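Engineer: What follows is a single structure, and I will ask about it in a moment.
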Amino acid sequence: MSNIEFVQYVNESNINSIPSPKIDGYCKMLLEKHMLESSSKDSVGHIFSNAYKTLQYLINPEDEGPKRNKILCLGKVQSGKTAFFISSLALAFDNGYNLAYVIGGTKTKLKDQNYERISLEFENNPKVKVIDIAAKEHEEPRELLKEGYKVIIVALKNVGSDNANLGIVESYSNLLGDIPSVIVDDEGDECSPGAPKLKSKNSRAGRTHDVLTDIINNINICTFLSVTATPQANFLISTIDELSPDFALLVEPGKGYTGGNSFHDVYNNPHVIEINDSNSFNYSTPESFKKALDFFIFSVIYQNYKNDLRDFSMLVHPSSLTKVQSMVVEKVRDQLEYVKEGLNNVNNLSFDSLYNNVYNSGSDLITEFENYEDFKNKTINFLKTVLGSINVFEFNVSDSGRQSILEEKEDKSKYKIYVGGNMLGRGLTIKNLNVTYMYRDSKVTQIDTLYQRARWFGYKSSYFDICRVYMTKDLKEKFIDTVENENDMWTSINAFLLTKTDIKKFPRIFTLKNDKLRLTRASVSKTVCIERVNPGYEYDKSISFTQEQLDNNRLLYENLYRKYKMVGEDVQFGNSTNQHHFIINLKFTEFYNEFLSKYEFPRGSKFGPNSFKRLLQQINEGSYEDIISVVLMRYRTGEYRSPIAGGQAIKELPQSYDNGTQYPGDKSLPELEEVLHVQLHPVYVDKNNPENIIPLIALNNPITAFNVRYVTGDNYYEGI
């Protein structure tokens with residue numbers, strides 16, 4: 001069995017780990033059985049394939065202490081990290097652990113969500129007891145442990161007083177410190193890394209960090225899992241900090257996940273609608289919101305038409321201020337009531353105008369309807385049912401917000417519109433969220449804070465066609481650059497983990513090219529620009545071509561190779577026989593006339609003809625030499641690239657750095673890195689049809705002013 005082989009292999013890396021861990025014990029088998037009631041076998045198998053990774057880091061509970069491992073578990077936003085750590089707890093229980101603490105986030109809503117989810121997943125296991133430590137009445141962990149139960153204590157990440165959740169957990173860690181324990185810090189980048197920059201001015205700064213450190217040190221045998229999608233703060237604290245991770249693992253998303261690369265790969269991604277940043281609810285309801293609401297109504301009508309009767313949700317994020325949110329709630333309700341009233345009767349004078357607006361909001365991408373009349377005829381029977389099932393809720397700490405939260409729990413509406421700010425952000429799962437509207441942001445934003453707002457990520461491939469995010473140009477650009485930062489970070493961490501080197505020595509260096517972004521909060525670490533590396537390498541990921549465009553571009557590619565076949569040069573880069581590229585040196589003006597001016601750029605291209613026209617103008621003006629190297633990348637074999645959900649783009653174009661032993665990477669071709677050159681990549685997205693290539697462009701332009709920063713923090717990092 002492959003899982004057994006994997007576990008046996010990884011155990012070699014950690015002498016503290018369990019010698020022969022169980023992978024099919026009692027708790028795991030019951031949890032798996034429960035999960036299979038609502039998920040596919042493949043999905044559940046994937047969840048446990050991630051959870052098995054923790055077995056190499058679980059300290060053997062039979063060892064003599066003190067021994068403590070701190071593991072950073074990096075997943076994607078909304079990708080199933082809760083299922084991962086619940087599965088990891090089941091495995092820990094099967095391997096000798098009896099006590100676990102789940103620090104369930106800083107907000108009660110998230111903590112409650114964690115408690116309910118954990119309780120549900122273990123409800124068929126009579127040996128496991130789940131305790132909400134914030135409940136007025138709960139069973140006593142000590143007594144349950146004496147009776148032979150496995151105990152999970154769920155707590156809020158707050159340190160306001162000795163009676164606060166973490167204060168109580170600290171008391172239990174003193175009392176039960178001789179019992180080997182697993183601690184799960186959900187949203188482990190929030191508050192936990194502390195505030196080292198403020199400590200000298202305020203000794204109570206970073207109290208969460210200090211209390212968590214005390215809790216870990218109180219437990220003789222402790223495995224600490226810090227689970228997050230945004231680990232910048234965890235990496236950027238000093239490596240000698242007591243919460244700096246000892247190990248790291250990647251929690252890979254499962255099949256059907258739609259995240260940053262699905263929504264924010266290119267500027268013109270059709271699922272992200274740009275709104276004007278002057279749109280505001282201060283004086284009236286913005287037209288862009290009216291269109292977003294129309295699309296939400298369209299989407300649920302369309303799903304009813306397809307006989308998809310799932311509940312769906314819309315999120316409105318107008319501001320972090322509760323008074324603004326309360327004002328917006330009223331205007332959202334007014335607009336919804338206006339639309340409901342107009343569509344209540346087909347004989348109303350405004351009916352066709354309003355229903356046509358609903359149709360137009362989605363007709364550009366939904367092709368099932370020939371025109372408005374066809375849409376009206378096919379969907380009119382669903383209209384009243386849909387309109388009667390939409391309700392609006394306010395989620396914040398105001399009196400009206402608290403009341404609305406209570407009402408939402410009892411409300412049976414199938415389609416819900418949530419208006420809120422921070423409470424509807426980090427960690428919270430909004431059921432089948434398919435439309436998001438957000439229009440406010442600070443001038444300079446922390447990457448970890450920004451990315452945690454992306455509640456529209458998740459397992460949405462089955463209804464990705466009706467997913468839309470409405471946001472300003474500034475936010476669109478920030479999310480695109482944040483996704484690039486995430487891709488770079490995952491690639492770097494994955495490559496580093498393969499070396500089996502101490503994670504303390506992982507270089508804390510990340511790509512960041514947007515001056516309006518910083519890595520994390522300044523109280524943890526300042527963002528420090530260290531150098532510019534190959535600033536001009538840019539590439540397309542969009543493959544949104546028509547068939548005519550593809551045919552045209554393939555012919556251009558073939559003609560170019562045929563013409564220069566005898567004068568170009570085949571060059572092998574590195575030791576890999578797969579890395580043969582064909583290099584043609586010619587005048588840029590010649591290449592522009594023969595290829596670039598005739599190339600059909602895809603929708604959402606980072607280039608477009610104007611990019612190269614400007615370069616042509618500079619060359620014609622004598623600013624730069626009229627020469628370019630054209631590199632036909634992997635021209636012998638073509639290049640397979642994974643398409644993202646929706647098939648409008650690929651995940652990544654260039655192949656990455658491989659430790660310098662096999663291949664230096666497309667961005668770092670020797671002797672070409674500082675040379676103006678165009679790479680033509682013959683990409684195919686169907687493994688069964690490698691002949692069906694898509695010629696994609698990457699440009700390396702060292703003379704450009706395009707600013708790519710490589711940044712790190714200003715703490716002490718061992719090995720850098």
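By convention in this document, the chains of the structure tokens carry letters A, B, ... by their order, each chain's residues are numbered from 1, and ligands are numbered from 1 in the order they are shown.
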So which residues touch segment 562-572 of chain A within 6 Å, counting only C-alpha atoms, skipping near sequence neighbours fewer than 6 positions away, as a list in words?

Structural biologist: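 Answer for this query is Gln579, His580, His581, Phe582, Ile583 and Ile584 of chain A.
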
Engineer: Can you list every residue in segment 181-417 of chain A that DSSP puts in strand (DSSP E or B), as a PyMOL selection string?

Structural biologist: chain A and resi 181-186+221-228+247-250+257-258+272-275+312-317+390-395+415-417

Engineer: Would you save the residues of that selection, restricted to C-alpha atoms, as an mmCIF file, in the first residue's frame?

Structural biologist:
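again09.cif written:
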```cif
data_model
loop_
_atom_site.group_PDB
_atom_site.id
_atom_site.type_symbol
_atom_site.label_atom_id
_atom_site.label_comp_id
_atom_site.auth_asym_id
_atom_site.auth_seq_id
_atom_site.Cartn_x
_atom_site.Cartn_y
_atom_site.Cartn_z
ATOM 1 C CA SER A 181 -0.725 16.568 23.566
ATOM 2 C CA VAL A 182 -1.309 17.936 20.101
ATOM 3 C CA ILE A 183 -2.039 21.665 19.744
ATOM 4 C CA VAL A 184 -3.679 22.939 16.569
ATOM 5 C CA ASP A 185 -3.363 26.697 16.074
ATOM 6 C CA ASP A 186 -5.961 27.418 13.380
ATOM 7 C CA ILE A 221 5.546 15.952 24.928
ATOM 8 C CA CYS A 222 3.916 18.448 22.576
ATOM 9 C CA THR A 223 3.324 18.509 18.820
ATOM 10 C CA PHE A 224 2.234 21.983 17.706
ATOM 11 C CA LEU A 225 0.508 22.345 14.310
ATOM 12 C CA SER A 226 0.277 25.934 13.090
ATOM 13 C CA VAL A 227 -2.253 25.862 10.241
ATOM 14 C CA THR A 228 -2.532 28.795 7.837
ATOM 15 C CA PHE A 247 9.327 21.886 10.228
ATOM 16 C CA ALA A 248 6.929 22.759 7.408
ATOM 17 C CA LEU A 249 4.579 20.825 5.172
ATOM 18 C CA LEU A 250 2.323 21.713 2.256
ATOM 19 C CA TYR A 257 -10.312 23.661 -5.991
ATOM 20 C CA THR A 258 -10.611 27.159 -7.434
ATOM 21 C CA VAL A 272 -13.508 39.347 -11.793
ATOM 22 C CA ILE A 273 -15.531 42.430 -12.728
ATOM 23 C CA GLU A 274 -13.891 45.820 -12.317
ATOM 24 C CA ILE A 275 -15.953 48.483 -10.580
ATOM 25 C CA PHE A 312 -26.059 29.926 -2.698
ATOM 26 C CA SER A 313 -24.632 33.039 -1.067
ATOM 27 C CA MET A 314 -23.503 36.558 -1.874
ATOM 28 C CA LEU A 315 -20.977 38.558 0.175
ATOM 29 C CA VAL A 316 -20.913 42.368 0.334
ATOM 30 C CA HIS A 317 -17.776 43.805 1.949
ATOM 31 C CA ILE A 390 -33.414 35.574 -0.855
ATOM 32 C CA ASN A 391 -32.698 37.298 2.445
ATOM 33 C CA VAL A 392 -30.114 39.837 3.668
ATOM 34 C CA PHE A 393 -28.094 39.587 6.903
ATOM 35 C CA GLU A 394 -25.726 41.910 8.718
ATOM 36 C CA PHE A 395 -22.653 40.284 10.269
ATOM 37 C CA TYR A 415 -30.148 32.242 -0.910
ATOM 38 C CA LYS A 416 -28.462 34.582 1.552
ATOM 39 C CA ILE A 417 -26.717 37.931 1.149
#
```

Engineer: How many Å lie between atom CA of Lys323 of chain A and atom CA of Val419 of chain A, rounded to one decimal?

Structural biologist: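 Separation between atom CA of Lys323 of chain A and atom CA of Val419 of chain A: 11.7 Å.
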
Engineer: Show which residues sit within 8 Å of Gln679 of chain A, as a list in words. Count only C-alpha atoms, and ignore same-chain residues fewer than 6 positions away.

Structural biologist: Val630, Val631, Leu632, Met633, Ile697, Ala698, Leu699 and Asn700 of chain A

Engineer: If we count only C-alpha atoms and set the cut-off at 9 Å, which residues sit around Arg142 of chain A, ignoring sequence neighbours fewer than 6 positions away in its own chain? Please answer as a ChimeraX atom specification.

Structural biologist: /A:172,175-176

Engineer: Save out the residues we just selected, C-alpha atoms, as a PDB file, in the first residue's frame.

Structural biologist:
```pdb
ATOM      1  CA  TYR A 172      -4.972  22.956  31.792  1.00  0.00           C
ATOM      2  CA  LEU A 175      -2.431  20.639  35.214  1.00  0.00           C
ATOM      3  CA  LEU A 176      -2.184  18.080  32.394  1.00  0.00           C
TER       4      LEU A 176
END
```

Engineer: Got a sec to tell me which of segment 457-584 of chain A DSSP assigns to alpha helix (DSSP H), as JSON, numbers by chain?

Structural biologist: {"A": [473, 474, 475, 476, 477, 478, 479, 480, 481, 482, 483, 484, 485, 486, 487, 488, 489, 490, 491, 492, 493, 494, 495, 496, 497, 498, 547, 548, 549, 550, 551, 552, 553, 554, 555, 556, 557, 558, 559, 560, 561, 562, 563, 564]}

Engineer: Store the residues picked out above, limited to C-alpha atoms, as a PDB file, in the first residue's frame.

Structural biologist:
```pdb
ATOM      1  CA  LYS A 473      -8.923  48.226 -10.260  1.00  0.00           C
ATOM      2  CA  ASP A 474      -6.579  48.731  -7.317  1.00  0.00           C
ATOM      3  CA  LEU A 475      -7.842  45.594  -5.578  1.00  0.00           C
ATOM      4  CA  LYS A 476      -7.648  43.589  -8.814  1.00  0.00           C
ATOM      5  CA  GLU A 477      -3.989  44.519  -9.202  1.00  0.00           C
ATOM      6  CA  LYS A 478      -3.229  43.722  -5.561  1.00  0.00           C
ATOM      7  CA  PHE A 479      -4.810  40.283  -5.792  1.00  0.00           C
ATOM      8  CA  ILE A 480      -2.953  39.451  -9.028  1.00  0.00           C
ATOM      9  CA  ASP A 481       0.359  40.376  -7.402  1.00  0.00           C
ATOM     10  CA  THR A 482      -0.566  38.517  -4.215  1.00  0.00           C
ATOM     11  CA  VAL A 483      -1.279  35.361  -6.226  1.00  0.00           C
ATOM     12  CA  GLU A 484       2.116  35.712  -7.888  1.00  0.00           C
ATOM     13  CA  ASN A 485       3.655  36.038  -4.423  1.00  0.00           C
ATOM     14  CA  GLU A 486       1.821  32.879  -3.305  1.00  0.00           C
ATOM     15  CA  ASN A 487       2.892  30.908  -6.380  1.00  0.00           C
ATOM     16  CA  ASP A 488       6.498  31.924  -5.873  1.00  0.00           C
ATOM     17  CA  MET A 489       6.357  31.039  -2.180  1.00  0.00           C
ATOM     18  CA  TRP A 490       4.791  27.588  -2.750  1.00  0.00           C
ATOM     19  CA  THR A 491       7.340  26.794  -5.464  1.00  0.00           C
ATOM     20  CA  SER A 492      10.226  27.897  -3.240  1.00  0.00           C
ATOM     21  CA  ILE A 493       8.997  25.990  -0.181  1.00  0.00           C
ATOM     22  CA  ASN A 494       8.269  22.840  -2.180  1.00  0.00           C
ATOM     23  CA  ALA A 495      11.737  22.871  -3.734  1.00  0.00           C
ATOM     24  CA  PHE A 496      13.332  23.506  -0.343  1.00  0.00           C
ATOM     25  CA  LEU A 497      11.436  20.693   1.382  1.00  0.00           C
ATOM     26  CA  LEU A 498      12.770  18.225  -1.195  1.00  0.00           C
ATOM     27  CA  GLN A 547      -9.824  28.586 -33.013  1.00  0.00           C
ATOM     28  CA  GLU A 548      -8.972  31.053 -35.799  1.00  0.00           C
ATOM     29  CA  GLN A 549      -6.429  32.782 -33.563  1.00  0.00           C
ATOM     30  CA  LEU A 550      -4.835  29.449 -32.634  1.00  0.00           C
ATOM     31  CA  ASP A 551      -4.566  28.356 -36.262  1.00  0.00           C
ATOM     32  CA  ASN A 552      -2.965  31.681 -37.159  1.00  0.00           C
ATOM     33  CA  ASN A 553      -0.420  31.532 -34.317  1.00  0.00           C
ATOM     34  CA  ARG A 554       0.545  27.921 -35.000  1.00  0.00           C
ATOM     35  CA  LEU A 555       1.233  28.739 -38.622  1.00  0.00           C
ATOM     36  CA  LEU A 556       3.378  31.726 -37.591  1.00  0.00           C
ATOM     37  CA  TYR A 557       5.362  29.506 -35.223  1.00  0.00           C
ATOM     38  CA  GLU A 558       5.909  26.787 -37.847  1.00  0.00           C
ATOM     39  CA  ASN A 559       6.930  29.295 -40.542  1.00  0.00           C
ATOM     40  CA  LEU A 560       9.400  30.966 -38.198  1.00  0.00           C
ATOM     41  CA  TYR A 561      11.113  27.663 -37.425  1.00  0.00           C
ATOM     42  CA  ARG A 562      11.190  26.599 -41.069  1.00  0.00           C
ATOM     43  CA  LYS A 563      12.700  29.897 -42.210  1.00  0.00           C
ATOM     44  CA  TYR A 564      15.500  29.974 -39.635  1.00  0.00           C
TER      45      TYR A 564
END
```

Engineer: Counting only C-alpha atoms, which residues of segment 105-181 of chain A fall within 10 Å of segment 28-31 of chain A, and what is the closest atom pair for each with its distance in Å at one decimal, ordered by chain and rising number, as JSON lines?

Structural biologist:
```
{"residue": "A:Leu120", "atom": "CA", "partner": "A:Leu31", "partner_atom": "CA", "distance": 10.0}
{"residue": "A:Glu121", "atom": "CA", "partner": "A:Leu31", "partner_atom": "CA", "distance": 6.4}
{"residue": "A:Phe122", "atom": "CA", "partner": "A:Leu31", "partner_atom": "CA", "distance": 6.4}
{"residue": "A:Glu123", "atom": "CA", "partner": "A:Leu31", "partner_atom": "CA", "distance": 8.9}
{"residue": "A:Asn124", "atom": "CA", "partner": "A:Leu30", "partner_atom": "CA", "distance": 6.9}
{"residue": "A:Asn125", "atom": "CA", "partner": "A:Leu30", "partner_atom": "CA", "distance": 6.5}
{"residue": "A:Pro126", "atom": "CA", "partner": "A:Leu30", "partner_atom": "CA", "distance": 9.9}
```

Engineer: What gap, in Å, lies between atom CA of Phe84 of chain A and atom CA of Ser43 of chain A?

Structural biologist: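 Separating atom CA of Phe84 of chain A from atom CA of Ser43 of chain A is a distance of 11.6 Å.
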
Engineer: Write out as a list of chain:residue names which residues come within 7 Å of segment 197-202 of chain A when counting only C-alpha atoms, dropping same-chain ones fewer than 3 positions away.

Structural biologist: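 So the residues in contact are A:Ala205, A:Ser523, A:Val524.
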
Engineer: Just to be explicit: take each residue in the selection above, keep C-alpha atoms, and write the result as a JSON list (two decimals), in the first residue's frame.

Structural biologist:
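Written output follows (again_32.json):
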```json
[["chain", "number", "residue", "atom", "x", "y", "z"],
["A", 205, "ALA", "CA", 2.48, 43.51, 23.12],
["A", 523, "SER", "CA", 4.93, 44.79, 14.41],
["A", 524, "VAL", "CA", 6.23, 41.36, 13.32]]
```

Engineer: Nearest to Gly65 of chain A: which of A:Pro180, A:Gln325, A:Ser119, A:Gly167 is it, counting only C-alpha atoms?

Structural biologist: A:Pro180

Engineer: Tell me which protein, DNA and RNA residues are within 9 Å of Arg521 of chain A, counting only C-alpha atoms, leaving out same-chain ones fewer than 6 positions away, and put them as a list of chain:residue names.

Structural biologist: A:Ala195, A:Ala233, A:Gln446, A:Asp448, A:Thr449, A:Thr527

Engineer: Please dump the current selection as a short mmCIF file (atom, residue, chain, number, x, y, z; two decimals), in the first residue's frame; keep N, CA and C atoms.

Structural biologist:
```cif
data_model
loop_
_atom_site.label_atom_id
_atom_site.label_comp_id
_atom_site.auth_asym_id
_atom_site.auth_seq_id
_atom_site.Cartn_x
_atom_site.Cartn_y
_atom_site.Cartn_z
N ALA A 195 4.45 40.31 18.41
CA ALA A 195 4.72 41.67 17.96
C ALA A 195 6.10 42.08 18.46
N ALA A 233 3.97 35.93 8.26
CA ALA A 233 4.38 36.32 9.61
C ALA A 233 5.13 35.18 10.30
N GLN A 446 -1.42 44.62 3.81
CA GLN A 446 -0.63 43.44 4.12
C GLN A 446 -1.14 42.27 3.28
N ASP A 448 -0.98 39.07 3.85
CA ASP A 448 -1.71 38.04 4.60
C ASP A 448 -3.12 38.49 4.94
N THR A 449 -3.30 39.77 5.30
CA THR A 449 -4.63 40.29 5.61
C THR A 449 -5.51 40.31 4.36
N THR A 527 8.84 44.91 5.78
CA THR A 527 9.16 44.44 4.43
C THR A 527 10.41 45.17 3.96
#
```
